[in-house]
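Quick look at model.cif (mmCIF, C-alpha atoms):
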data_model
loop_
_atom_site.label_atom_id
_atom_site.label_comp_id
_atom_site.auth_asym_id
_atom_site.auth_seq_id
_atom_site.Cartn_x
_atom_site.Cartn_y
_atom_site.Cartn_z
CA MET A 1263 149.14 -117.85 -66.65
CA ARG A 1264 147.07 -117.16 -63.52
CA LEU A 1265 146.92 -113.45 -64.39
CA ILE A 1266 145.80 -114.22 -67.95
CA CYS A 1267 143.02 -116.50 -66.68
CA LEU A 1268 141.87 -113.86 -64.22
CA MET A 1269 141.74 -111.18 -66.91
CA ALA A 1270 139.76 -113.50 -69.16
CA LEU A 1271 137.20 -114.02 -66.41
CA LEU A 1272 136.95 -110.32 -65.74
CA LEU A 1273 136.42 -109.51 -69.39
CA ALA A 1274 134.10 -112.41 -70.19
CA PRO A 1275 130.43 -111.47 -70.27
CA VAL A 1276 128.05 -112.98 -67.72
CA SER A 1277 126.00 -115.72 -69.35
CA GLY A 1278 122.89 -114.18 -70.84
CA ARG A 1279 124.05 -110.64 -70.10
CA ALA A 1280 121.64 -108.07 -71.47
CA ALA A 1281 122.85 -105.80 -74.27
CA ASP A 1282 121.80 -102.77 -72.22
CA PRO A 1283 122.72 -102.93 -68.52
CA SER A 1284 120.37 -99.98 -67.90
CA ALA A 1285 117.34 -101.73 -69.40
CA LEU A 1286 115.64 -102.25 -66.03
CA TRP A 1287 116.20 -98.65 -64.98
CA LYS A 1288 114.69 -97.42 -68.24
CA ILE A 1289 111.58 -99.53 -67.66
CA VAL A 1290 111.21 -98.29 -64.09
CA SER A 1291 111.96 -94.60 -64.64
CA GLY A 1292 110.60 -94.28 -68.17
CA GLN A 1293 107.45 -96.38 -67.97
CA CYS A 1294 106.31 -97.75 -64.60
CA VAL A 1295 106.77 -94.62 -62.48
CA PRO A 1296 105.40 -92.13 -65.07
CA HIS A 1297 102.41 -94.36 -65.77
CA GLU A 1298 101.65 -94.62 -62.06
CA GLU A 1299 102.00 -90.87 -61.54
CA THR A 1300 99.92 -89.80 -64.54
CA GLU A 1301 97.49 -92.69 -65.08
CA HIS A 1302 97.48 -94.53 -61.74
CA SER A 1303 98.55 -97.63 -63.65
CA PRO A 1304 101.85 -99.42 -62.85
CA SER A 1305 102.14 -100.94 -66.35
CA PRO A 1306 104.33 -102.68 -67.40
CA CYS A 1307 105.13 -103.27 -63.71
CA SER A 1308 102.77 -105.20 -61.49
CA GLU A 1309 103.08 -102.71 -58.63
CA VAL A 1310 104.52 -99.25 -58.06
CA ASP A 1311 104.81 -98.07 -54.45
CA LEU A 1312 105.55 -94.36 -54.14
CA ALA A 1313 104.00 -93.88 -50.70
CA ALA A 1314 107.33 -92.65 -49.33
CA GLY A 1315 108.26 -90.74 -52.49
CA VAL A 1316 110.22 -91.65 -55.60
CA GLU A 1317 113.55 -91.64 -53.74
CA LYS A 1318 112.26 -94.25 -51.29
CA GLY A 1319 109.85 -96.19 -53.49
CA TYR A 1320 110.01 -99.43 -55.41
CA VAL A 1321 108.31 -101.40 -58.15
CA VAL A 1322 107.54 -105.08 -58.67
CA LEU A 1323 108.14 -106.28 -62.22
CA LYS A 1324 107.58 -109.70 -63.79
CA ASP A 1325 110.92 -110.88 -65.12
CA ARG A 1326 110.89 -112.08 -68.72
CA ASN A 1327 112.64 -115.25 -67.54
CA GLY A 1328 110.82 -117.87 -65.51
CA VAL A 1329 107.24 -118.89 -65.01
CA ALA A 1330 106.79 -116.85 -61.84
CA GLN A 1331 109.96 -114.83 -61.25
CA PHE A 1332 109.46 -111.23 -60.16
CA LEU A 1333 111.93 -108.43 -59.46
CA LEU A 1334 111.77 -105.86 -56.67
CA ILE A 1335 113.45 -102.69 -57.97
CA PRO A 1336 113.96 -99.28 -56.28
CA THR A 1337 112.57 -96.21 -57.99
CA ALA A 1338 115.76 -94.36 -57.02
CA ARG A 1339 118.91 -94.86 -59.08
CA ILE A 1340 120.84 -97.43 -57.02
CA SER A 1341 123.38 -99.59 -58.82
CA GLY A 1342 123.19 -102.69 -56.64
CA ILE A 1343 124.74 -104.33 -53.61
CA ASP A 1344 127.87 -102.24 -54.23
CA ASP A 1345 126.02 -98.92 -53.86
CA PRO A 1346 126.68 -97.10 -50.52
CA ALA A 1347 123.01 -96.05 -50.51
CA ILE A 1348 121.93 -99.52 -49.36
CA LEU A 1349 123.57 -98.96 -45.97
CA ALA A 1350 122.56 -95.31 -45.56
CA PRO A 1351 120.48 -94.40 -42.49
CA GLY A 1352 116.78 -94.36 -43.27
CA GLU A 1353 117.13 -96.28 -46.54
CA THR A 1354 114.14 -98.36 -47.60
CA ASN A 1355 114.32 -102.01 -46.56
CA TYR A 1356 113.89 -103.43 -50.05
CA TRP A 1357 114.21 -106.97 -48.67
CA ASP A 1358 111.08 -106.60 -46.57
CA ALA A 1359 109.20 -105.29 -49.61
CA ALA A 1360 110.57 -108.16 -51.70
CA TRP A 1361 109.36 -110.75 -49.19
CA GLN A 1362 105.90 -109.20 -49.31
CA ALA A 1363 106.08 -109.42 -53.11
CA ARG A 1364 106.16 -113.23 -52.91
CA SER A 1365 102.38 -113.00 -53.27
CA PHE A 1366 102.93 -112.19 -56.95
CA VAL A 1367 104.83 -115.46 -57.36
CA GLU A 1368 102.01 -117.38 -55.70
CA ASP A 1369 99.36 -115.64 -57.78
CA ARG A 1370 101.25 -116.52 -60.93
CA LEU A 1371 101.46 -120.15 -59.86
CA HIS A 1372 97.86 -120.26 -58.58
CA ALA A 1373 99.21 -121.85 -55.43
CA SER A 1374 100.04 -120.99 -51.83
CA LEU A 1375 103.63 -122.00 -51.09
CA PRO A 1376 105.25 -122.87 -47.76
CA ARG A 1377 107.70 -120.16 -46.71
CA ASP A 1378 110.67 -122.51 -47.20
CA ASP A 1379 109.83 -122.88 -50.90
CA LEU A 1380 110.39 -119.17 -51.50
CA SER A 1381 113.58 -117.15 -51.82
CA LEU A 1382 115.01 -113.71 -52.49
CA ALA A 1383 118.38 -113.13 -54.15
CA ILE A 1384 120.66 -110.29 -55.16
CA ASN A 1385 123.74 -110.94 -57.27
CA SER A 1386 127.17 -109.41 -56.82
CA SER A 1387 128.43 -106.56 -58.99
CA VAL A 1388 130.38 -109.06 -61.13
CA GLY A 1389 127.54 -111.59 -61.29
CA ARG A 1390 124.61 -109.44 -62.35
CA THR A 1391 123.24 -108.39 -65.71
CA GLN A 1392 121.81 -104.99 -64.80
CA ASP A 1393 123.23 -101.90 -63.13
CA GLN A 1394 120.07 -101.14 -61.19
CA LEU A 1395 119.48 -102.84 -57.87
CA HIS A 1396 116.99 -105.68 -58.22
CA ILE A 1397 116.05 -108.50 -55.89
CA HIS A 1398 114.95 -111.73 -57.55
CA VAL A 1399 111.78 -113.17 -55.97
CA ASP A 1400 111.18 -116.80 -56.90
CA CYS A 1401 111.08 -120.45 -55.83
CA ILE A 1402 114.12 -122.11 -54.31
CA ARG A 1403 115.81 -124.98 -56.13
CA PRO A 1404 114.63 -128.37 -54.80
CA ASP A 1405 118.18 -129.56 -54.12
CA VAL A 1406 119.00 -126.36 -52.21
CA HIS A 1407 115.74 -126.76 -50.29
CA ALA A 1408 116.76 -130.30 -49.31
CA THR A 1409 120.28 -129.29 -48.25
CA LEU A 1410 119.05 -126.44 -46.08
CA ALA A 1411 116.36 -128.62 -44.50
CA ALA A 1412 119.00 -131.18 -43.58
CA ASN A 1413 121.20 -128.51 -41.97
CA LEU A 1414 118.69 -126.23 -40.23
CA ASP A 1415 119.78 -127.46 -36.81
CA LYS A 1416 123.35 -126.37 -37.57
CA ILE A 1417 122.46 -122.84 -38.70
CA THR A 1418 122.79 -120.38 -35.81
CA ASN A 1419 122.70 -116.66 -35.15
CA VAL A 1420 126.39 -116.45 -36.12
CA TRP A 1421 127.71 -116.65 -39.68
CA THR A 1422 128.75 -120.26 -40.24
CA PRO A 1423 130.07 -121.89 -43.45
CA LEU A 1424 127.84 -124.65 -44.79
CA THR A 1425 129.64 -127.97 -45.10
CA THR A 1426 127.72 -128.84 -48.26
CA PRO A 1427 128.18 -126.65 -51.37
CA LEU A 1428 125.10 -125.05 -52.92
CA ALA A 1429 125.10 -125.03 -56.73
CA GLY A 1430 128.77 -125.95 -56.52
CA HIS A 1431 129.74 -122.94 -54.40
CA ARG A 1432 130.59 -122.48 -50.75
CA TYR A 1433 128.03 -120.37 -48.92
CA ARG A 1434 127.86 -119.39 -45.31
CA ALA A 1435 124.58 -119.05 -43.43
CA ILE A 1436 123.01 -117.22 -40.52
CA ARG A 1437 119.63 -117.64 -38.87
CA ILE A 1438 117.07 -114.83 -38.69
CA ASP A 1439 114.46 -115.43 -35.99
CA LYS A 1440 111.66 -113.24 -37.26
CA PRO A 1441 108.61 -114.23 -39.36
CA THR A 1442 109.03 -111.15 -41.58
CA LEU A 1443 111.93 -108.90 -42.57
CA ASP A 1444 110.30 -105.83 -41.06
CA GLY A 1445 113.11 -104.27 -39.03
CA VAL A 1446 115.70 -106.74 -40.36
CA ASN A 1447 117.73 -105.63 -43.37
CA PRO A 1448 119.98 -108.41 -44.74
CA PHE A 1449 122.43 -105.83 -46.10
CA HIS A 1450 123.05 -104.71 -42.53
CA VAL A 1451 123.07 -108.27 -41.18
CA LEU A 1452 126.08 -108.87 -43.42
CA ALA A 1453 127.85 -105.52 -43.12
CA ASP A 1454 127.36 -104.96 -39.38
CA ALA A 1455 128.82 -108.34 -38.43
CA ASP A 1456 131.70 -108.40 -40.91
CA PRO A 1457 133.84 -105.27 -41.45
CA GLN A 1458 135.61 -106.91 -44.40
CA ALA A 1459 132.28 -107.55 -46.12
CA ALA A 1460 131.15 -104.01 -45.37
CA ALA A 1461 134.22 -102.71 -47.21
CA ASP A 1462 133.68 -105.05 -50.15
CA MET A 1463 129.90 -105.40 -50.49
CA GLY A 1464 129.98 -105.43 -54.27
CA MET A 1465 131.70 -108.80 -54.37
CA HIS A 1466 129.05 -110.47 -52.21
CA THR A 1467 125.75 -112.09 -53.07
CA LEU A 1468 122.92 -112.54 -50.58
CA VAL A 1469 120.06 -115.04 -50.66
CA VAL A 1470 117.15 -115.09 -48.22
CA VAL A 1471 115.21 -118.34 -47.88
CA GLY A 1472 112.09 -118.72 -45.76
CA ALA A 1473 112.44 -121.29 -43.00
CA THR A 1474 110.60 -123.08 -40.21
CA PHE A 1475 113.25 -124.16 -37.75
CA PRO A 1476 113.22 -127.44 -35.78
CA ASP A 1477 111.93 -125.59 -32.69
CA GLY A 1478 108.90 -124.42 -34.70
CA THR A 1479 110.13 -120.84 -35.09
CA SER A 1480 109.29 -119.13 -38.37
CA GLY A 1481 112.21 -117.20 -39.78
CA PHE A 1482 114.77 -117.12 -42.53
CA VAL A 1483 118.12 -118.50 -43.56
CA LEU A 1484 120.37 -115.78 -44.94
CA LEU A 1485 123.10 -117.05 -47.27
CA ASP A 1486 126.24 -115.22 -48.35
CA ASP A 1487 128.88 -116.00 -50.96
CA HIS A 1488 131.91 -113.94 -51.98
CA ALA A 1489 132.98 -113.81 -55.62
CA ASP A 1490 136.15 -115.66 -56.52
CA LEU A 1491 136.79 -115.04 -60.21
CA THR A 1492 139.84 -117.29 -60.31
CA ALA A 1493 137.58 -120.18 -59.27
CA GLY A 1494 134.82 -119.18 -61.66
CA ASP A 1495 132.51 -118.01 -58.86
CA ARG A 1496 130.81 -114.73 -59.73
CA ALA A 1497 128.67 -114.80 -56.57
CA SER A 1498 125.33 -114.95 -58.32
CA GLY A 1499 122.93 -116.09 -55.62
CA GLU A 1500 120.21 -116.29 -58.23
CA GLU A 1501 121.77 -119.67 -59.05
CA LEU A 1502 120.02 -121.06 -55.96
CA GLN A 1503 116.62 -120.22 -57.40
CA ASP A 1504 114.56 -122.32 -59.79
CA HIS A 1505 112.86 -120.23 -62.44
CA THR A 1506 110.75 -123.23 -63.47
CA CYS A 1507 109.46 -123.42 -59.89
CA ALA A 1508 109.49 -127.21 -59.89
CA ILE A 1509 108.97 -127.25 -56.13
CA ALA A 1510 105.48 -125.74 -56.46
CA PRO A 1511 102.46 -128.07 -56.27
CA LYS A 1512 101.08 -129.05 -59.66
#
For the file at hand, write its structure as structure tokens.
Amino acid sequence: MRLICLMALLLAPVSGRAADPSALWKIVSGQCVPHEETEHSPSPCSEVDLAAGVEKGYVVLKDRNGVAQFLLIPTARISGIDDPAILAPGETNYWDAAWQARSFVEDRLHASLPRDDLSLAINSSVGRTQDQLHIHVDCIRPDVHATLAANLDKITNVWTPLTTPLAGHRYRAIRIDKPTLDGVNPFHVLADADPQAAADMGMHTLVVVGATFPDGTSGFVLLDDHADLTAGDRASGEELQDHTCAIAPK
């Protein structure tokens, strides 16, 4: 019975799964990049950065879901968190670029948000809808915001399980003591400290949440969850985001 349930979960489509898992890649490679190269227009993307070349570049695209959700997407063909390219020497730090892209969220909301209202998320290989790496840039859920705020003093520079579930799932957290992600790549924060995770990156989801710690330090909380299909957990960190952005000032 357990095997049957597991197979059903593996074969079941992710809720809202797109008909074409290459849809994002087609937009990036077939529209945004060519338009930027030939017309100096990123359309339909909001930004195309090719300063380091197409193999190192990225775009920022408004997601069709959410009032202010944007996606940070490489201009190179990279499948996702499971792709070995994310840990290759000299690879672009897409997380740093994604954090900078929070300005698009704020512009869309016509509001300046505190850093702890904003988040970045990448889903696992079994919890995503597209087979092109994309980092979701959006507001954090109010309940997740409250839980993290209540536990900031317990989050250290070592991976530690949170005692309170987030969106019904057990995440672990680590503190990043830098105001930006320049020089800090969350993919490496996970892989370098956990050999098992490094060998199984595709089953992990990562969420970065801005934070101001009790000592006044500006930094981030990095969250990690591992997919457990038998428990119905596909490790989709996007679940911690709120695409209605209810936390934003009205």
Calculated over all atoms listed in the file, which of the candidates A:Pro1457, A:Gly1430, A:Gly1328, A:Gly1445 has the smallest distance to His1505 (chain A)? A:Gly1328
With 8 Å as the cut-off and all atoms listed in the file counted, what is the closest atom pair between each nearby residue of region 1433-1470 of chain A and region 1485-1501 of chain A? Distances in Å to one decimal, ordered by chain and number, as JSON lines.
{"residue": "A:Tyr1433", "atom": "CA", "partner": "A:Asp1487", "partner_atom": "CA", "distance": 4.9}
{"residue": "A:Arg1434", "atom": "CA", "partner": "A:Asp1486", "partner_atom": "CA", "distance": 5.4}
{"residue": "A:Ala1435", "atom": "CA", "partner": "A:Leu1485", "partner_atom": "CA", "distance": 4.6}
{"residue": "A:Ile1436", "atom": "CA", "partner": "A:Leu1485", "partner_atom": "CA", "distance": 6.8}
{"residue": "A:Met1465", "atom": "CA", "partner": "A:Ala1489", "partner_atom": "CA", "distance": 5.3}
{"residue": "A:His1466", "atom": "CA", "partner": "A:His1488", "partner_atom": "CA", "distance": 4.5}
{"residue": "A:Thr1467", "atom": "CA", "partner": "A:Ala1497", "partner_atom": "CA", "distance": 5.3}
{"residue": "A:Leu1468", "atom": "CA", "partner": "A:Asp1486", "partner_atom": "CA", "distance": 4.8}
{"residue": "A:Val1469", "atom": "CA", "partner": "A:Leu1485", "partner_atom": "CA", "distance": 5.0}
{"residue": "A:Val1470", "atom": "CA", "partner": "A:Leu1485", "partner_atom": "CA", "distance": 6.3}
Interatomic distance, CA of Gly1342 (chain A) to CA of Gln1394 (chain A) (Å, one decimal): 5.7 Å
Excluding Asp1311 (chain A) and residues on its chain fewer than 4 positions from it, collect all residues at most 8 Å away from it, counting only C-alpha atoms, and give them as a PyMOL selection string. chain A and resi 1319-1321
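Nearest-residue note for Leu1452 (chain A): choosing from A:Ile1509, A:Leu1349, A:Leu1414, A:Ile1397, the minimum distance belongs to A:Leu1349, counting only C-alpha atoms.
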Result set, the PyMOL selection byres ((chain A and resi 1283) around 7) on current file, as a PyMOL selection string: chain A and resi 1280-1282+1284-1285+1391-1393
Length of the CA of Ser1386 (chain A) to CA of Ala1313 (chain A) vector [Å]: 28.6 Å
